[in-house]
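Data block for coords12.txt (compact mmCIF, C-alpha atoms):
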# COMPACT_ATOMS: atom_id res chain seq x y z
CA MET A 1 15.85 179.48 116.35
CA THR A 2 17.65 180.67 113.23
CA PRO A 3 21.26 181.49 114.16
CA ARG A 4 22.50 184.89 113.02
CA ALA A 5 25.58 184.66 110.82
CA LEU A 6 27.86 187.53 109.87
CA VAL A 7 29.53 187.27 106.47
CA LEU A 8 32.36 189.79 106.57
CA ARG A 9 33.57 191.33 103.35
CA ALA A 10 36.37 193.75 102.53
CA ALA A 11 37.75 195.33 99.38
CA GLY A 12 38.50 192.44 97.02
CA THR A 13 36.27 189.82 98.65
CA ASN A 14 34.47 187.95 95.86
CA CYS A 15 32.83 184.87 97.40
CA ASP A 16 30.51 186.71 99.76
CA ARG A 17 27.26 186.34 97.80
CA GLU A 18 27.72 182.59 97.33
CA THR A 19 28.46 182.25 101.04
CA VAL A 20 25.31 184.15 102.00
CA SER A 21 23.28 181.92 99.70
CA ALA A 22 24.86 178.74 101.08
CA LEU A 23 24.23 179.79 104.69
CA SER A 24 20.64 180.72 103.98
CA ALA A 25 19.99 177.35 102.33
CA ALA A 26 21.60 175.64 105.32
CA GLY A 27 19.23 177.24 107.81
CA ALA A 28 21.24 180.21 109.07
CA GLY A 29 20.26 183.86 108.96
CA PRO A 30 23.19 185.50 107.17
CA GLU A 31 23.93 189.22 107.03
CA LEU A 32 26.55 190.63 104.67
CA LEU A 33 28.56 193.39 106.29
CA HIS A 34 31.56 195.38 105.10
CA LEU A 35 34.55 195.43 107.42
CA ARG A 36 34.33 199.23 107.66
CA GLU A 37 30.81 198.93 109.08
CA LEU A 38 31.98 196.50 111.73
CA LEU A 39 35.00 198.63 112.62
CA ALA A 40 32.66 201.58 113.16
CA ARG A 41 30.63 199.52 115.65
CA PRO A 42 32.72 196.56 116.85
CA GLY A 43 30.11 195.68 119.46
CA ARG A 44 27.83 194.44 116.68
CA LEU A 45 29.82 191.22 116.60
CA GLU A 46 28.23 190.22 119.91
CA SER A 47 24.82 189.74 118.29
CA TYR A 48 26.02 186.91 116.00
CA ARG A 49 26.66 183.25 116.68
CA LEU A 50 28.65 182.59 113.52
CA LEU A 51 31.27 184.68 111.71
CA VAL A 52 32.38 183.75 108.20
CA ILE A 53 35.29 185.37 106.39
CA PRO A 54 34.85 184.30 102.76
CA GLY A 55 37.27 183.92 99.89
CA GLY A 56 38.55 186.43 97.39
CA PHE A 57 41.58 188.67 97.06
CA SER A 58 41.19 191.12 99.93
CA TYR A 59 43.06 194.36 99.23
CA GLY A 60 44.36 192.79 96.02
CA ASP A 61 46.48 190.38 98.10
CA ASP A 62 49.05 193.18 98.32
CA VAL A 63 52.07 192.33 100.51
CA ALA A 64 50.81 188.72 100.77
CA ALA A 65 47.48 186.95 100.48
CA GLY A 66 45.24 188.01 103.35
CA ARG A 67 47.97 189.98 105.14
CA ILE A 68 46.28 193.40 105.21
CA LEU A 69 42.95 191.91 106.25
CA ALA A 70 44.80 189.92 108.92
CA ASN A 71 46.32 193.10 110.33
CA GLU A 72 42.91 194.74 110.51
CA LEU A 73 41.46 191.73 112.30
CA ARG A 74 44.35 191.58 114.73
CA PHE A 75 44.94 195.24 115.51
CA LYS A 76 41.46 196.73 115.09
CA LEU A 77 39.15 193.86 116.04
CA GLY A 78 41.50 191.65 118.04
CA SER A 79 39.87 191.94 121.45
CA GLU A 80 36.32 191.63 120.08
CA LEU A 81 37.22 188.62 117.96
CA ALA A 82 39.12 186.98 120.82
CA GLY A 83 36.09 187.44 123.06
CA PHE A 84 33.82 185.99 120.39
CA VAL A 85 36.02 182.90 120.16
CA ALA A 86 36.35 182.58 123.95
CA LYS A 87 32.56 182.34 124.23
CA GLY A 88 32.65 179.30 121.97
CA ARG A 89 31.05 180.98 119.01
CA LEU A 90 31.90 179.76 115.55
CA VAL A 91 34.40 181.39 113.18
CA ILE A 92 35.00 180.04 109.66
CA GLY A 93 37.57 181.31 107.19
CA VAL A 94 37.48 180.06 103.60
CA CYS A 95 40.48 180.50 101.29
CA ASN A 96 41.40 184.18 101.72
CA GLY A 97 39.55 184.12 105.04
CA PHE A 98 41.69 181.18 106.14
CA GLN A 99 44.83 183.04 105.11
CA ALA A 100 43.72 186.05 107.14
CA LEU A 101 42.90 184.03 110.27
CA VAL A 102 46.27 182.28 110.15
CA LYS A 103 48.23 185.49 109.59
CA ALA A 104 46.26 187.24 112.33
CA GLY A 105 47.23 184.44 114.73
CA PHE A 106 43.72 183.11 115.37
CA LEU A 107 44.67 179.81 113.73
CA PRO A 108 46.05 177.51 114.98
CA GLY A 109 45.40 179.82 117.93
CA GLU A 110 48.16 178.72 120.27
CA GLY A 111 49.10 180.53 123.45
CA GLN A 112 47.70 183.75 124.87
CA GLY A 113 46.54 186.18 122.23
CA PRO A 114 47.25 186.20 118.50
CA ALA A 115 50.69 184.94 117.54
CA GLN A 116 51.41 183.64 114.06
CA THR A 117 52.78 180.09 114.10
CA ALA A 118 51.90 179.05 110.54
CA SER A 119 51.28 180.56 107.13
CA LEU A 120 49.82 179.96 103.70
CA THR A 121 52.27 180.76 100.97
CA ASP A 122 52.99 180.25 97.26
CA ASN A 123 51.88 176.97 95.73
CA ASP A 124 54.71 174.62 94.79
CA SER A 125 53.64 175.05 91.16
CA GLY A 126 54.39 178.77 91.35
CA ARG A 127 51.05 179.60 89.77
CA PHE A 128 47.38 180.15 90.53
CA GLN A 129 45.50 176.83 90.63
CA CYS A 130 41.78 176.48 89.98
CA GLU A 131 40.65 172.85 90.00
CA TRP A 132 38.62 170.19 91.77
CA THR A 133 40.54 168.18 94.32
CA GLY A 134 39.99 165.26 96.67
CA ILE A 135 39.50 166.06 100.36
CA ARG A 136 39.68 163.75 103.35
CA ARG A 137 37.99 164.68 106.62
CA GLU A 138 40.11 163.87 109.64
CA ASP A 139 38.90 163.12 113.17
CA SER A 140 39.48 166.51 114.75
CA ARG A 141 38.49 168.86 117.55
CA ALA A 142 35.96 170.39 115.15
CA GLU A 143 33.49 167.64 116.06
CA TRP A 144 30.60 169.61 114.59
CA LEU A 145 31.92 168.54 111.18
CA SER A 146 31.74 164.81 111.95
CA GLY A 147 28.61 164.41 109.81
CA LEU A 148 30.52 165.12 106.60
CA PRO A 149 31.56 162.15 104.47
CA ARG A 150 35.07 160.88 105.07
CA SER A 151 36.14 161.61 101.49
CA PHE A 152 34.72 164.04 98.94
CA GLU A 153 35.72 166.67 96.40
CA LEU A 154 35.75 170.47 96.58
CA PRO A 155 37.12 173.13 94.23
CA ILE A 156 40.21 175.14 95.05
CA ALA A 157 41.20 178.51 93.58
CA HIS A 158 44.37 180.03 94.99
CA GLY A 159 47.93 181.04 94.28
CA GLU A 160 49.07 181.02 97.92
CA GLY A 161 47.47 177.94 99.43
CA ARG A 162 50.47 175.93 100.57
CA PHE A 163 50.21 175.44 104.32
CA VAL A 164 53.47 175.68 106.26
CA ALA A 165 54.02 175.48 110.01
CA ARG A 166 56.69 177.48 111.82
CA ASP A 167 58.72 174.31 112.37
CA ALA A 168 58.42 170.53 112.49
CA GLY A 169 57.39 170.63 116.15
CA HIS A 170 54.42 172.89 115.44
CA LEU A 171 53.37 170.65 112.55
CA ARG A 172 53.48 167.52 114.72
CA SER A 173 51.52 169.35 117.40
CA LEU A 174 48.66 170.08 115.00
CA PHE A 175 48.26 166.39 114.24
CA ARG A 176 48.76 165.29 117.84
CA LYS A 177 46.17 167.73 119.18
CA GLY A 178 43.57 166.90 116.55
CA GLN A 179 43.69 170.31 114.91
CA VAL A 180 44.00 169.03 111.34
CA VAL A 181 40.45 169.03 109.99
CA PHE A 182 40.92 168.40 106.26
CA ARG A 183 43.73 166.95 104.15
CA TYR A 184 44.18 166.73 100.41
CA HIS A 185 43.80 163.13 99.23
CA PRO A 186 45.02 161.34 97.22
CA LYS A 187 46.77 164.26 95.48
CA ASN A 188 48.39 167.21 97.23
CA PRO A 189 47.80 170.01 94.68
CA ASN A 190 49.86 172.80 96.23
CA GLY A 191 52.58 171.12 98.31
CA SER A 192 51.03 171.83 101.72
CA GLN A 193 52.94 170.29 104.62
CA GLY A 194 51.15 167.16 105.76
CA SER A 195 48.76 167.63 102.82
CA ILE A 196 46.86 170.02 105.11
CA ALA A 197 43.79 171.63 103.54
CA GLY A 198 42.13 172.93 106.72
CA ILE A 199 42.78 173.28 110.45
CA CYS A 200 41.01 174.39 113.63
CA ASN A 201 41.92 175.91 116.96
CA GLU A 202 42.13 173.77 120.09
CA GLY A 203 38.53 174.62 120.94
CA GLY A 204 37.31 173.39 117.56
CA ASN A 205 35.23 176.53 117.01
CA VAL A 206 37.62 178.39 114.68
CA VAL A 207 38.03 176.56 111.38
CA GLY A 208 39.88 177.56 108.24
CA LEU A 209 40.18 175.76 104.92
CA MET A 210 41.50 176.54 101.46
CA PRO A 211 38.86 174.59 99.43
CA HIS A 212 35.54 176.32 98.73
CA PRO A 213 32.49 174.57 100.25
CA GLU A 214 30.20 177.39 99.08
CA ARG A 215 30.94 176.38 95.48
CA TYR A 216 29.61 172.86 95.87
CA VAL A 217 26.24 173.11 97.60
CA ASN A 218 24.31 171.39 94.81
CA ALA A 219 25.30 168.13 93.11
CA PHE A 220 24.99 169.69 89.65
CA GLN A 221 27.81 172.15 90.43
CA HIS A 222 30.33 169.33 89.98
CA PRO A 223 31.60 169.16 86.38
CA ALA A 224 30.81 165.44 86.19
CA TRP A 225 27.62 165.55 88.25
CA THR A 226 25.56 163.39 85.89
CA SER A 227 27.84 160.39 86.36
CA ILE A 228 29.08 160.75 89.95
CA LYS A 229 26.34 162.55 91.87
CA SER A 230 25.39 159.48 93.89
CA ARG A 231 29.02 158.99 94.94
CA HIS A 232 29.56 162.62 95.86
CA THR A 233 26.42 163.31 97.85
CA THR A 234 24.95 162.13 101.13
CA GLY A 235 21.22 161.68 100.92
CA GLY A 236 21.28 163.85 97.82
CA GLN A 237 23.10 166.67 99.64
CA ALA A 238 26.41 167.93 98.26
CA PRO A 239 29.40 168.09 100.66
CA GLY A 240 29.46 171.89 100.64
CA HIS A 241 25.83 172.06 101.74
CA LEU A 242 26.55 169.57 104.53
CA PHE A 243 29.46 171.75 105.64
CA TRP A 244 27.31 174.86 105.98
CA LYS A 245 24.38 172.94 107.47
CA SER A 246 26.73 171.52 110.10
CA ALA A 247 27.85 175.06 110.91
CA ALA A 248 24.27 176.36 111.11
CA ASP A 249 23.12 173.45 113.27
CA TYR A 250 26.05 173.91 115.64
CA ALA A 251 25.46 177.65 115.88
CA LYS A 252 21.82 177.05 116.85
CA GLY A 253 22.98 175.58 120.13
CA LEU A 254 25.27 178.47 121.04
CA SER A 255 24.34 181.11 123.59

Encoded form using structure tokens:
Amino acid sequence: MTPRALVLRAAGTNCDRETVSALSAAGAGPELLHLRELLARPGRLESYRLLVIPGGFSYGDDVAAGRILANELRFKLGSELAGFVAKGRLVIGVCNGFQALVKAGFLPGEGQGPAQTASLTDNDSGRFQCEWTGIRREDSRAEWLSGLPRSFELPIAHGEGRFVARDAGHLRSLFRKGQVVFRYHPKNPNGSQGSIAGICNEGGNVVGLMPHPERYVNAFQHPAWTSIKSRHTTGGQAPGHLFWKSAADYAKGLS
């Protein structure tokens, strides 16, 4: 059965089309929906097995990156989204989507109900960074991602991608509980604490990451693909495609 996937866009989202294409190629049945349409009928969320909040600059990143979208998720869709997560369904936030999930309190997702315990803030460089970077997959609670290679590259494109936890205790807890999914390696491009590039909730079914897997679903999308494609693919499949295929395969087994 083809799992239904909701790709949620808002004003300023700009990675939605690539995400739809990546999901379709991975075996999911994606539907692109504007946030206003979902707010008009929140019950529609129930019919999906996978929710993706893609990258971009929602609401122009006014106030802070992802903050306004986070408030809409928390205060207008909070109960529906919490129920979706409680049923074990999959939620993925990429870049701006990751920022929104963190600022809405759904990542790391500690305690009862949304409470923000981390953030994504200005890069150490003080500027927008758009580059390819090394990623290391950690052993985490998001076991559905275990089929990805241990090390690979993905592009980043953000000005506020530096992950910070509320305090040292919260940071240690993420590592101890297996909630760190991806780390930058060998270079930390934005100064993220613990070189964190992506995390998950304790259930492993809410995942957020700053790098863009939808931008590397074919080997030829890498700028040096002619010389490194064999090193950067698994069975000819680019890491980004494997990411979305892992999500689609996992969603197929959800009720």

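CA of Leu120 in chain A is found 19.8 Å from CA of Arg9 in chain A.
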
Nearest candidate to Leu51 in chain A (options A:Ala142, A:Ala70, A:Val7, A:Val206; using all atoms listed in the file): A:Val7

Using only C-alpha atoms, which residue out of A:Tyr250, A:Phe163, A:Phe243, A:Trp225 lies closest to Ala25 in chain A?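 Ranking A:Tyr250, A:Phe163, A:Phe243, A:Trp225 by distance to Ala25 in chain A, first place goes to A:Phe243.
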
Would you give me, as a Markdown table, each residue of range 19-58 of chain A having an atom within 7 Å of an atom of range 90-96 of chain A, along with its shortest atom pair and that distance in Å to one decimal, using all atoms listed in the file and sorting by chain and residue number?
| residue | atom | partner | partner_atom | distance |
| --- | --- | --- | --- | --- |
| A:Arg49 | CA | A:Leu90 | CA | 6.4 |
| A:Leu50 | CA | A:Leu90 | CA | 4.8 |
| A:Leu51 | CA | A:Val91 | CA | 4.8 |
| A:Val52 | CA | A:Ile92 | CA | 4.8 |
| A:Ile53 | CA | A:Gly93 | CA | 4.7 |
| A:Pro54 | CA | A:Val94 | CA | 5.1 |
| A:Gly55 | CA | A:Asn96 | CA | 4.5 |
| A:Gly56 | CA | A:Asn96 | CA | 5.7 |
| A:Phe57 | CA | A:Asn96 | CA | 6.5 |

Compile the contact shell of Ser21 in chain A as a list of chain:residue names: residues with an atom at most 12 Å away, counting all atoms listed in the file, same-chain residues fewer than 4 positions apart removed.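 Result of the neighbour search: A:Ala5, A:Val7, A:Cys15, A:Asp16, A:Arg17, A:Ala25, A:Ala26, A:Gly27, A:Ala28, A:Gly29, A:Pro30, A:Glu31, A:Leu32, A:Pro213, A:Glu214, A:Arg215, A:Tyr216, A:Val217, A:Asn218, A:Gly240, A:His241, A:Trp244, A:Lys245.
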
Range 187-203 of chain A environment, 7 Å, all atoms listed in the file, sequence neighbours closer than 6 positions dropped, as a ChimeraX atom specification: /A:107-109,123-125,134,141-142,161-164,179-181,209-210

Residues near Pro211 in chain A, cut-off 6 Å, all atoms listed in the file, skip fewer than 3 positions along chain, as a ChimeraX atom specification: /A:154-156

Counting all atoms listed in the file, the residue among A:Gly178, A:Gln99, A:Gly88, A:Ala115 that lies closest to Arg137 in chain A is A:Gly178

Which residues are near Gly66 in chain A? Cut-off 9 Å, all atoms listed in the file, ignore same chain within fewer than 5 positions. Put them as a PyMOL selection string. chain A and resi 57-61+71+96-103

Tell me which protein, DNA and RNA residues are within 9 Å of Arg127 in chain A, counting all atoms listed in the file, leaving out same-chain ones fewer than 4 positions away, and put them as a ChimeraX atom specification. /A:122-123,158-160
